[in-house]
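Asker: File name run35.cif; file contents mmCIF, C-alpha atoms; full text below.
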```cif
data_work
loop_
_atom_site.group_PDB
_atom_site.id
_atom_site.type_symbol
_atom_site.label_atom_id
_atom_site.label_comp_id
_atom_site.auth_asym_id
_atom_site.auth_seq_id
_atom_site.Cartn_x
_atom_site.Cartn_y
_atom_site.Cartn_z
ATOM 1 C CA MET T 1 29.254 9.341 7.221
ATOM 2 C CA LEU T 2 25.438 9.072 7.277
ATOM 3 C CA ALA T 3 25.094 11.572 4.401
ATOM 4 C CA MET T 4 27.598 9.555 2.362
ATOM 5 C CA GLN T 5 25.644 6.349 2.976
ATOM 6 C CA ILE T 6 22.334 7.973 2.027
ATOM 7 C CA ASN T 7 23.931 9.321 -1.149
ATOM 8 C CA ALA T 8 25.255 5.845 -1.955
ATOM 9 C CA PHE T 9 21.818 4.251 -1.474
ATOM 10 C CA ALA T 10 20.201 6.932 -3.640
ATOM 11 C CA THR T 11 22.850 6.390 -6.331
ATOM 12 C CA PHE T 12 22.348 2.614 -6.254
ATOM 13 C CA LEU T 13 18.587 3.064 -6.756
ATOM 14 C CA ALA T 14 19.128 5.645 -9.518
ATOM 15 C CA ILE T 15 21.362 3.218 -11.472
ATOM 16 C CA GLU T 16 18.806 0.435 -11.058
ATOM 17 C CA ALA T 17 16.040 2.740 -12.355
ATOM 18 C CA ALA T 18 18.042 4.281 -15.227
ATOM 19 C CA GLY T 19 19.786 1.082 -16.305
ATOM 20 C CA SER T 20 23.197 2.766 -16.524
ATOM 21 C CA PHE T 21 25.779 4.718 -14.541
ATOM 22 C CA HIS T 22 25.572 7.521 -17.119
ATOM 23 C CA GLY T 23 21.782 7.761 -16.758
ATOM 24 C CA ALA T 24 22.060 7.870 -12.963
ATOM 25 C CA ALA T 25 24.660 10.637 -13.167
ATOM 26 C CA ARG T 26 22.345 12.686 -15.380
ATOM 27 C CA GLN T 27 19.376 12.049 -13.075
ATOM 28 C CA LEU T 28 21.336 12.990 -9.926
ATOM 29 C CA ASN T 29 23.140 15.906 -11.631
ATOM 30 C CA ILE T 30 26.586 14.620 -10.631
ATOM 31 C CA THR T 31 29.532 13.276 -12.635
ATOM 32 C CA GLN T 32 29.761 9.654 -13.709
ATOM 33 C CA THR T 33 33.037 9.479 -11.770
ATOM 34 C CA ALA T 34 31.146 10.393 -8.584
ATOM 35 C CA VAL T 35 28.541 7.716 -9.316
ATOM 36 C CA SER T 36 31.248 5.080 -9.781
ATOM 37 C CA ALA T 37 33.034 6.167 -6.581
ATOM 38 C CA ARG T 38 29.852 5.924 -4.510
ATOM 39 C CA ILE T 39 29.034 2.444 -5.798
ATOM 40 C CA LYS T 40 32.618 1.258 -5.327
ATOM 41 C CA ALA T 41 32.538 2.389 -1.682
ATOM 42 C CA LEU T 42 29.155 0.712 -1.173
ATOM 43 C CA GLU T 43 30.351 -2.546 -2.752
ATOM 44 C CA GLU T 44 33.492 -2.528 -0.587
ATOM 45 C CA ALA T 45 31.380 -2.022 2.539
ATOM 46 C CA LEU T 46 29.053 -4.881 1.558
ATOM 47 C CA GLY T 47 31.784 -7.142 0.217
ATOM 48 C CA ALA T 48 29.866 -7.861 -2.975
ATOM 49 C CA SER T 49 29.475 -6.554 -6.514
ATOM 50 C CA LEU T 50 26.038 -4.967 -6.999
ATOM 51 C CA PHE T 51 25.938 -4.547 -10.784
ATOM 52 C CA GLU T 52 26.834 -6.422 -13.950
ATOM 53 C CA ARG T 53 27.744 -4.460 -17.083
ATOM 54 C CA GLY T 54 27.150 -5.805 -20.568
ATOM 55 C CA PRO T 55 26.218 -4.833 -24.124
ATOM 56 C CA GLY T 56 22.598 -4.470 -23.078
ATOM 57 C CA GLY T 57 23.410 -2.014 -20.301
ATOM 58 C CA THR T 58 23.851 -2.250 -16.550
ATOM 59 C CA ARG T 59 21.774 -4.645 -14.495
ATOM 60 C CA LEU T 60 21.676 -5.805 -10.903
ATOM 61 C CA SER T 61 23.831 -8.733 -9.871
ATOM 62 C CA ALA T 62 22.426 -11.463 -7.619
ATOM 63 C CA ALA T 63 23.750 -9.510 -4.621
ATOM 64 C CA GLY T 64 22.250 -6.316 -6.036
ATOM 65 C CA ARG T 65 18.815 -7.902 -6.351
ATOM 66 C CA GLN T 66 19.077 -9.066 -2.752
ATOM 67 C CA PHE T 67 20.157 -5.604 -1.592
ATOM 68 C CA LEU T 68 17.452 -3.700 -3.532
ATOM 69 C CA PRO T 69 14.562 -3.984 -1.005
ATOM 70 C CA TYR T 70 16.890 -3.004 1.844
ATOM 71 C CA ALA T 71 18.049 0.089 -0.032
ATOM 72 C CA GLU T 72 14.437 1.053 -0.754
ATOM 73 C CA GLN T 73 13.522 0.596 2.929
ATOM 74 C CA MET T 74 16.513 2.649 4.054
ATOM 75 C CA MET T 75 15.546 5.502 1.743
ATOM 76 C CA ARG T 76 11.932 5.413 2.942
ATOM 77 C CA THR T 77 13.124 5.556 6.556
ATOM 78 C CA TRP T 78 15.412 8.479 5.769
ATOM 79 C CA GLU T 79 12.594 10.344 4.023
ATOM 80 C CA PHE T 80 10.370 9.818 7.082
ATOM 81 C CA VAL T 81 13.053 11.055 9.504
ATOM 82 C CA SER T 82 14.196 14.041 7.444
ATOM 83 C CA GLY T 83 10.584 14.996 6.687
ATOM 84 C CA ASP T 84 9.779 14.994 10.405
ATOM 85 C CA LEU T 85 12.751 17.224 11.180
ATOM 86 C CA ARG T 86 11.929 19.730 8.429
ATOM 87 C CA ALA T 87 8.320 19.887 9.586
ATOM 88 C CA SER T 88 9.379 20.336 13.211
ATOM 89 C CA LEU T 89 11.719 23.188 12.335
ATOM 90 C CA ALA T 90 8.887 24.821 10.416
ATOM 91 C CA GLY T 91 6.639 24.576 13.477
ATOM 92 C CA ARG T 92 4.371 21.873 12.024
ATOM 93 C CA VAL T 93 3.404 18.447 13.246
ATOM 94 C CA SER T 94 4.277 15.844 10.638
ATOM 95 C CA LEU T 95 1.939 12.845 10.654
ATOM 96 C CA ARG T 96 2.798 9.750 8.650
ATOM 97 C CA LEU T 97 -0.075 7.560 7.536
ATOM 98 C CA GLY T 98 0.108 4.187 5.841
ATOM 99 C CA ALA T 99 -2.280 1.551 4.515
ATOM 100 C CA GLN T 100 -1.802 -2.205 4.536
ATOM 101 C CA LEU T 101 -3.752 -2.720 1.316
ATOM 102 C CA SER T 102 -4.071 -0.759 -1.924
ATOM 103 C CA VAL T 103 -7.819 -0.823 -1.200
ATOM 104 C CA TRP T 104 -7.392 2.080 1.211
ATOM 105 C CA ASP T 105 -5.250 4.544 -0.734
ATOM 106 C CA PRO T 106 -8.431 6.526 -1.586
ATOM 107 C CA LEU T 107 -9.427 6.482 2.091
ATOM 108 C CA LEU T 108 -6.192 8.237 3.031
ATOM 109 C CA VAL T 109 -6.854 10.851 0.340
ATOM 110 C CA ASP T 110 -10.427 11.338 1.603
ATOM 111 C CA VAL T 111 -9.118 11.885 5.142
ATOM 112 C CA ALA T 112 -6.700 14.535 3.880
ATOM 113 C CA VAL T 113 -9.619 16.322 2.198
ATOM 114 C CA TRP T 114 -11.735 15.996 5.374
ATOM 115 C CA LEU T 115 -8.908 17.512 7.446
ATOM 116 C CA GLU T 116 -8.534 20.419 5.060
ATOM 117 C CA ARG T 117 -12.268 21.151 5.232
ATOM 118 C CA ALA T 118 -12.403 20.737 9.016
ATOM 119 C CA GLN T 119 -9.208 22.676 9.776
ATOM 120 C CA GLY T 120 -9.101 25.172 6.927
ATOM 121 C CA THR T 121 -5.610 23.881 6.167
ATOM 122 C CA VAL T 122 -3.866 20.543 6.639
ATOM 123 C CA PRO T 123 -1.467 21.089 9.557
ATOM 124 C CA PHE T 124 0.470 17.867 8.970
ATOM 125 C CA THR T 125 2.336 16.018 6.267
ATOM 126 C CA LEU T 126 0.642 12.819 5.090
ATOM 127 C CA ASN T 127 2.909 10.085 3.763
ATOM 128 C CA TYR T 128 1.178 7.162 2.048
ATOM 129 C CA ASP T 129 3.056 3.868 1.899
ATOM 130 C CA HIS T 130 1.543 0.389 1.913
ATOM 131 C CA GLY T 131 4.820 -1.417 1.163
ATOM 132 C CA LEU T 132 5.690 -1.687 4.852
ATOM 133 C CA ASN T 133 4.659 -4.161 7.538
ATOM 134 C CA MET T 134 2.193 -1.703 9.002
ATOM 135 C CA ALA T 135 2.036 -2.908 12.618
ATOM 136 C CA GLU T 136 5.815 -3.083 12.806
ATOM 137 C CA ALA T 137 6.158 0.338 11.186
ATOM 138 C CA VAL T 138 3.828 1.895 13.787
ATOM 139 C CA ALA T 139 5.572 0.070 16.660
ATOM 140 C CA ARG T 140 8.966 1.317 15.408
ATOM 141 C CA ARG T 141 7.552 4.852 14.974
ATOM 142 C CA LEU T 142 8.122 4.880 11.224
ATOM 143 C CA LEU T 143 4.387 5.579 10.873
ATOM 144 C CA ASP T 144 2.051 7.392 13.243
ATOM 145 C CA LEU T 145 -1.099 5.634 12.085
ATOM 146 C CA ALA T 146 -1.817 2.754 9.743
ATOM 147 C CA ILE T 147 -5.001 1.341 8.203
ATOM 148 C CA VAL T 148 -5.034 -2.472 8.293
ATOM 149 C CA ASN T 149 -7.504 -5.318 7.976
ATOM 150 C CA GLU T 150 -5.769 -7.654 10.439
ATOM 151 C CA VAL T 151 -4.159 -6.866 13.805
ATOM 152 C CA PRO T 152 -1.231 -9.023 14.990
ATOM 153 C CA ALA T 153 -1.933 -11.126 18.082
ATOM 154 C CA GLY T 154 -0.602 -9.663 21.316
ATOM 155 C CA THR T 155 -0.077 -6.172 19.923
ATOM 156 C CA ARG T 156 0.310 -3.287 22.360
ATOM 157 C CA LEU T 157 -0.783 -0.763 19.789
ATOM 158 C CA GLY T 158 -3.971 1.233 20.036
ATOM 159 C CA VAL T 159 -6.661 -0.188 17.744
ATOM 160 C CA GLU T 160 -9.640 1.757 16.388
ATOM 161 C CA ASP T 161 -12.345 -0.293 14.663
ATOM 162 C CA LEU T 162 -13.735 1.399 11.552
ATOM 163 C CA GLN T 163 -16.600 0.510 9.238
ATOM 164 C CA PRO T 164 -15.736 -2.651 7.272
ATOM 165 C CA GLU T 165 -15.130 -2.579 3.526
ATOM 166 C CA PRO T 166 -17.808 -4.392 1.455
ATOM 167 C CA LEU T 167 -16.399 -6.516 -1.371
ATOM 168 C CA LEU T 168 -18.515 -7.542 -4.363
ATOM 169 C CA LEU T 169 -17.965 -10.579 -6.553
ATOM 170 C CA VAL T 170 -17.887 -9.228 -10.110
ATOM 171 C CA ALA T 171 -17.144 -10.768 -13.502
ATOM 172 C CA ASP T 172 -16.611 -9.640 -17.077
ATOM 173 C CA GLN T 173 -19.809 -11.459 -18.128
ATOM 174 C CA PRO T 174 -23.201 -12.180 -16.506
ATOM 175 C CA LEU T 175 -22.889 -15.181 -14.172
ATOM 176 C CA ARG T 176 -24.973 -16.911 -11.547
ATOM 177 C CA LEU T 177 -23.144 -18.650 -8.722
ATOM 178 C CA GLY T 178 -23.991 -22.342 -8.522
ATOM 179 C CA ARG T 179 -25.347 -22.498 -12.074
ATOM 180 C CA ASP T 180 -22.685 -21.319 -14.488
ATOM 181 C CA ALA T 181 -19.128 -22.565 -15.029
ATOM 182 C CA LEU T 182 -16.673 -20.388 -13.108
ATOM 183 C CA PRO T 183 -14.045 -18.361 -15.003
ATOM 184 C CA LEU T 184 -10.542 -17.574 -13.747
ATOM 185 C CA PHE T 185 -10.683 -16.101 -10.222
ATOM 186 C CA ILE T 186 -8.509 -13.061 -9.508
ATOM 187 C CA ASN T 187 -7.403 -13.526 -5.911
ATOM 188 C CA LEU T 188 -6.202 -10.397 -4.132
ATOM 189 C CA GLU T 189 -5.221 -12.268 -0.942
ATOM 190 C CA PHE T 190 -6.616 -9.847 1.625
ATOM 191 C CA GLY T 191 -5.619 -12.014 4.601
ATOM 192 C CA SER T 192 -6.968 -14.882 6.683
ATOM 193 C CA GLU T 193 -10.375 -13.329 7.483
ATOM 194 C CA TYR T 194 -11.007 -12.745 3.791
ATOM 195 C CA ALA T 195 -9.719 -16.225 2.899
ATOM 196 C CA ALA T 196 -12.111 -17.875 5.387
ATOM 197 C CA GLN T 197 -15.119 -16.019 3.943
ATOM 198 C CA LEU T 198 -13.980 -16.742 0.398
ATOM 199 C CA GLN T 199 -13.685 -20.460 1.161
ATOM 200 C CA GLN T 200 -17.378 -20.485 2.086
ATOM 201 C CA VAL T 201 -18.319 -18.910 -1.245
ATOM 202 C CA LEU T 202 -15.738 -20.455 -3.573
ATOM 203 C CA PRO T 203 -13.973 -23.501 -2.119
ATOM 204 C CA GLN T 204 -10.344 -23.697 -3.197
ATOM 205 C CA ARG T 205 -10.890 -26.857 -5.228
ATOM 206 C CA SER T 206 -13.623 -25.208 -7.303
ATOM 207 C CA ARG T 207 -11.554 -22.355 -8.720
ATOM 208 C CA GLN T 208 -8.593 -21.655 -10.901
ATOM 209 C CA HIS T 209 -6.985 -18.486 -9.703
ATOM 210 C CA ILE T 210 -4.244 -15.977 -10.268
ATOM 211 C CA VAL T 211 -2.846 -13.909 -7.393
ATOM 212 C CA LEU T 212 -2.448 -10.140 -7.797
ATOM 213 C CA GLY T 213 -1.394 -7.917 -4.913
ATOM 214 C CA ASN T 214 -2.934 -4.635 -6.011
ATOM 215 C CA ALA T 215 -6.719 -4.103 -6.206
ATOM 216 C CA PRO T 216 -6.812 -1.472 -9.018
ATOM 217 C CA MET T 217 -4.402 -3.624 -11.033
ATOM 218 C CA GLY T 218 -6.587 -6.661 -10.392
ATOM 219 C CA LEU T 219 -9.724 -4.908 -11.606
ATOM 220 C CA ARG T 220 -7.953 -3.676 -14.714
ATOM 221 C CA TYR T 221 -6.688 -7.210 -15.367
ATOM 222 C CA LEU T 222 -10.240 -8.565 -15.034
ATOM 223 C CA MET T 223 -11.615 -6.024 -17.498
ATOM 224 C CA ARG T 224 -8.815 -6.626 -20.008
ATOM 225 C CA ARG T 225 -8.412 -10.390 -19.716
ATOM 226 C CA GLY T 226 -11.743 -11.554 -18.300
ATOM 227 C CA GLY T 227 -12.548 -13.536 -15.172
ATOM 228 C CA MET T 228 -14.079 -12.698 -11.821
ATOM 229 C CA GLY T 229 -12.995 -11.473 -8.405
ATOM 230 C CA TYR T 230 -14.013 -9.811 -5.157
ATOM 231 C CA PHE T 231 -13.380 -6.055 -5.279
ATOM 232 C CA PRO T 232 -14.314 -3.100 -3.054
ATOM 233 C CA ALA T 233 -17.822 -1.880 -3.918
ATOM 234 C CA TYR T 234 -16.650 1.716 -4.436
ATOM 235 C CA MET T 235 -13.910 0.558 -6.818
ATOM 236 C CA ALA T 236 -16.264 -1.531 -8.974
ATOM 237 C CA ALA T 237 -19.178 0.948 -8.985
ATOM 238 C CA GLU T 238 -18.265 2.937 -12.118
ATOM 239 C CA ALA T 239 -17.562 -0.127 -14.281
ATOM 240 C CA LEU T 240 -20.759 -1.794 -13.003
ATOM 241 C CA ALA T 241 -22.850 1.257 -13.878
ATOM 242 C CA ALA T 242 -21.294 1.361 -17.353
ATOM 243 C CA GLY T 243 -22.020 -2.337 -17.941
ATOM 244 C CA GLN T 244 -18.326 -3.135 -18.346
ATOM 245 C CA ILE T 245 -18.512 -5.728 -15.566
ATOM 246 C CA HIS T 246 -21.388 -7.538 -13.845
ATOM 247 C CA ALA T 247 -22.217 -8.447 -10.259
ATOM 248 C CA VAL T 248 -22.282 -12.243 -9.948
ATOM 249 C CA GLU T 249 -25.825 -13.338 -9.073
ATOM 250 C CA SER T 250 -26.367 -15.168 -5.755
ATOM 251 C CA ALA T 251 -22.853 -14.258 -4.546
ATOM 252 C CA PRO T 252 -22.763 -12.924 -0.970
ATOM 253 C CA VAL T 253 -20.979 -9.715 -0.072
ATOM 254 C CA ILE T 254 -17.691 -10.255 1.772
ATOM 255 C CA ARG T 255 -16.812 -7.665 4.398
ATOM 256 C CA LEU T 256 -13.196 -6.791 5.024
ATOM 257 C CA SER T 257 -12.332 -5.492 8.496
ATOM 258 C CA CYS T 258 -10.892 -1.986 8.604
ATOM 259 C CA LYS T 259 -8.868 -0.888 11.636
ATOM 260 C CA ALA T 260 -6.524 1.949 12.525
ATOM 261 C CA LEU T 261 -3.325 1.249 14.498
ATOM 262 C CA TYR T 262 -1.352 3.821 16.476
ATOM 263 C CA LEU T 263 0.889 4.144 19.535
ATOM 264 C CA PRO T 264 -1.012 5.484 22.580
ATOM 265 C CA ASP T 265 2.158 7.240 23.805
ATOM 266 C CA ASN T 266 2.778 9.035 20.508
ATOM 267 C CA PRO T 267 3.574 12.730 21.213
ATOM 268 C CA ALA T 268 1.247 13.662 18.332
ATOM 269 C CA LEU T 269 -1.696 11.801 19.905
ATOM 270 C CA GLU T 270 -3.998 14.833 19.684
ATOM 271 C CA GLN T 271 -3.438 15.085 15.934
ATOM 272 C CA ILE T 272 -3.880 11.310 15.615
ATOM 273 C CA ARG T 273 -7.257 11.639 17.347
ATOM 274 C CA GLN T 274 -8.274 14.220 14.742
ATOM 275 C CA VAL T 275 -7.325 11.802 11.976
ATOM 276 C CA LEU T 276 -9.290 9.028 13.716
ATOM 277 C CA GLN T 277 -12.334 11.294 13.835
ATOM 278 C CA GLY T 278 -11.912 11.961 10.130
ATOM 279 C CA LEU T 279 -11.598 8.244 9.421
ATOM 280 C CA ARG T 280 -14.786 7.501 11.382
ATOM 281 C CA GLU T 281 -16.743 10.150 9.485
ATOM 282 C CA VAL T 282 -15.372 9.172 6.076
ATOM 283 C CA ARG T 283 -16.041 5.479 6.716
ATOM 284 C CA ALA T 284 -19.557 6.192 8.013
ATOM 285 C CA ALA T 285 -20.333 8.189 4.873
ATOM 286 C CA GLY T 286 -19.058 5.309 2.763
ATOM 287 C CA GLN T 287 -21.227 2.875 4.710
ATOM 288 C CA GLU T 288 -24.318 5.010 4.051
ATOM 289 C CA GLN T 289 -23.588 4.977 0.323
ATOM 290 C CA SER T 290 -23.152 1.205 0.411
ATOM 291 C CA SER T 291 -26.433 0.761 2.288
ATOM 292 C CA GLY T 292 -28.174 2.926 -0.287
ATOM 293 C CA ALA T 293 -26.844 0.604 -2.964
ATOM 294 C CA GLY T 294 -28.319 -2.401 -1.126
ATOM 295 C CA LEU T 295 -25.032 -3.821 0.196
#
```
How does the structure come out when it is put into structure tokens?

Answerer:
Amino acid sequence: MLAMQINAFATFLAIEAAGSFHGAARQLNITQTAVSARIKALEEALGASLFERGPGGTRLSAAGRQFLPYAEQMMRTWEFVSGDLRASLAGRVSLRLGAQLSVWDPLLVDVAVWLERAQGTVPFTLNYDHGLNMAEAVARRLLDLAIVNEVPAGTRLGVEDLQPEPLLLVADQPLRLGRDALPLFINLEFGSEYAAQLQQVLPQRSRQHIVLGNAPMGLRYLMRRGGMGYFPAYMAAEALAAGQIHAVESAPVIRLSCKALYLPDNPALEQIRQVLQGLREVRAAGQEQSSGAGL
């Protein structure tokens, strides 16, 4: 029964991605009849039609759009569970890491490199996913360790404080804060701590802004469209050096907290401690580079 449900979820997502039952069948290497049967069974179980067919192809119905994030979450959970089992049978410890913000995807990569250099090989599987509620994912054992900038009140998770992330205010043109008219502000919404610091620099009433949830996307938008925004120093460094963007004069650096969450009773605690050591060393090296740049 579970395998049938997983197959149905995978088929639903394949149709949504391909835009047709035929395309999903080709992608999954099954017949179109099998695709239709899986979706019919899923729709009967849910009591709702998930797709609408028309001249322009197949698209999600209102119920399908509502079901989509649940199907994606179910598939992520299944991948975590099945990955753990495969790793266990192969005699490996499978660690799952996640990051709350797109800011820290490179940090997870750097830790993987650090582990390979320190261990000779990487003895665990690293899964990167910042689409989850990280604290909840760790508490529910979907992730072993997560990098976040804010810790929920009353959490019983272990918390490791890491070096904060310096954010620079940059713009597509030379600007001086307090003298020049402010362009569109690209707001990445990094949480309440960030918002409080930002309010001191750029009060809400003084700025037009657009909200983007992904830091690399936000920087690309700034460079293509124009404007200004606070971005991680490491992320802005190359474009700054090339003169493609400019640090805003008189703008203070904002520092984003960086913390690691984990369960103290996790059976893989020894491996988690190795990752924490790697995170401390990688963050310390990043802090030295930032200090050398005058941040």

Asker: For T:Leu97, which residue among T:Met4, T:Leu168, T:Leu175, T:Val275 is the nearest when counting all atoms listed in the file?

Answerer: T:Val275

Asker: With the file shown as input, list the residues that the PyMOL selection byres ((chain T and resi 43-54) around 9) selects, as a list in words.

Answerer: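 So the PyMOL selection byres ((chain T and resi 43-54) around 9), applied here, picks out Phe12, Glu16, Ser20, Arg38, Ile39, Lys40, Ala41, Leu42, Pro55, Gly56, Gly57, Thr58, Arg59, Leu60, Ser61, Ala62, Ala63, Gly64, Arg65 and Phe67 of chain T.
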
Asker: List the residues sitting within 12 Å of (-13.6, 1.4, -8.1) in the file's frame, using only C-alpha atoms, as a short mmCIF file (atom, residue, chain, number, x, y, z; two decimals) with C-alpha atoms, keeping the file's coordinate frame.

Answerer:
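Printed below is point03.cif as written:
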```cif
data_model
loop_
_atom_site.label_atom_id
_atom_site.label_comp_id
_atom_site.auth_asym_id
_atom_site.auth_seq_id
_atom_site.Cartn_x
_atom_site.Cartn_y
_atom_site.Cartn_z
CA SER T 102 -4.07 -0.76 -1.92
CA VAL T 103 -7.82 -0.82 -1.20
CA TRP T 104 -7.39 2.08 1.21
CA ASP T 105 -5.25 4.54 -0.73
CA PRO T 106 -8.43 6.53 -1.59
CA PRO T 166 -17.81 -4.39 1.46
CA LEU T 167 -16.40 -6.52 -1.37
CA LEU T 168 -18.52 -7.54 -4.36
CA VAL T 170 -17.89 -9.23 -10.11
CA ALA T 215 -6.72 -4.10 -6.21
CA PRO T 216 -6.81 -1.47 -9.02
CA MET T 217 -4.40 -3.62 -11.03
CA GLY T 218 -6.59 -6.66 -10.39
CA LEU T 219 -9.72 -4.91 -11.61
CA ARG T 220 -7.95 -3.68 -14.71
CA TYR T 230 -14.01 -9.81 -5.16
CA PHE T 231 -13.38 -6.06 -5.28
CA PRO T 232 -14.31 -3.10 -3.05
CA ALA T 233 -17.82 -1.88 -3.92
CA TYR T 234 -16.65 1.72 -4.44
CA MET T 235 -13.91 0.56 -6.82
CA ALA T 236 -16.26 -1.53 -8.97
CA ALA T 237 -19.18 0.95 -8.98
CA GLU T 238 -18.26 2.94 -12.12
CA ALA T 239 -17.56 -0.13 -14.28
CA LEU T 240 -20.76 -1.79 -13.00
CA ALA T 241 -22.85 1.26 -13.88
CA ILE T 245 -18.51 -5.73 -15.57
#
```

Asker: Please determine, counting only C-alpha atoms, which residue among T:Leu132, T:Ala171, T:Cys258, T:Val282 has the shortest atom-to-atom distance to T:Val113.

Answerer: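 Selected residue with least distance to T:Val113: T:Val282.
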
Asker: Return the single residue from T:Tyr70, T:Ala10, T:Arg96, T:Arg255 that is closest to T:Ala196, with distances computed using all atoms listed in the file.

Answerer: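 Ranked by minimum distance to T:Ala196, first place goes to T:Arg255.
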
Asker: Quick one, how far is atom CA of T:Val148 from atom CA of T:Asn133?

Answerer: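 For atom CA of T:Val148 relative to atom CA of T:Asn133, the distance reads 9.9 Å.
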
Asker: Between atom CA of T:Glu150 and atom CA of T:Pro183, what is the spacing in Å?

Answerer: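 Pair atom CA of T:Pro183 / atom CA of T:Glu150 returns 28.8 Å.
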
Asker: Quick one: distance from atom CA of T:Trp78 to atom CA of T:Leu101 in Å, one decimal?

Answerer: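 Pair atom CA of T:Trp78 / atom CA of T:Leu101 returns 22.6 Å.
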
Asker: Report as a list in words the residues that result from applying the PyMOL selection byres ((chain T and resi 188) around 9) to the structure here.

Answerer: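 That selection, the PyMOL selection byres ((chain T and resi 188) around 9), comes back as Ile186, Asn187, Glu189, Phe190, Gly191, Ile210, Val211, Leu212, Gly213, Asn214, Ala215, Gly218, Gly229, Tyr230 and Phe231 of chain T.
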
Asker: Select, from T:Thr31, T:Gln200, T:Gln100, T:Gln208, the residue with the minimum atom-to-atom distance to T:Met228, counting all atoms listed in the file.

Answerer: T:Gln208

Asker: Under the PyMOL selection byres ((chain T and resi 146) around 6), which residues of this model are included? Write them out as a VMD selection string.

Answerer: chain T and resid 97 to 99 145 147 260 to 261

Asker: Taking into account only C-alpha atoms, which residue in the set T:Val253, T:Leu143, T:Met134, T:Ala34 is nearest to T:Ala268?

Answerer: T:Leu143

Asker: Could you check the closest approach to T:Ser36 for each of T:Leu198, T:Ala8, T:Val111, T:Ala18 and tell me which residue wins, using all atoms listed in the file?

Answerer: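 Checking each candidate against T:Ser36, we get T:Ala8 as the closest.
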
Asker: So that I can check the surroundings of T:Asn149, please list as a PDB file with C-alpha atoms, in the coordinates of the input every protein, DNA and RNA residue that reaches within 7 Å of it, counting all atoms listed in the file and ignoring chain neighbours fewer than 5 positions away.

Answerer:
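The result, stored in result_4.pdb:
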```
ATOM      1  CA  LEU T 256     -13.196  -6.791   5.024  1.00  0.00           C
ATOM      2  CA  SER T 257     -12.332  -5.492   8.496  1.00  0.00           C
ATOM      3  CA  CYS T 258     -10.892  -1.986   8.604  1.00  0.00           C
ATOM      4  CA  LYS T 259      -8.868  -0.888  11.636  1.00  0.00           C
TER       5      LYS T 259
END
```
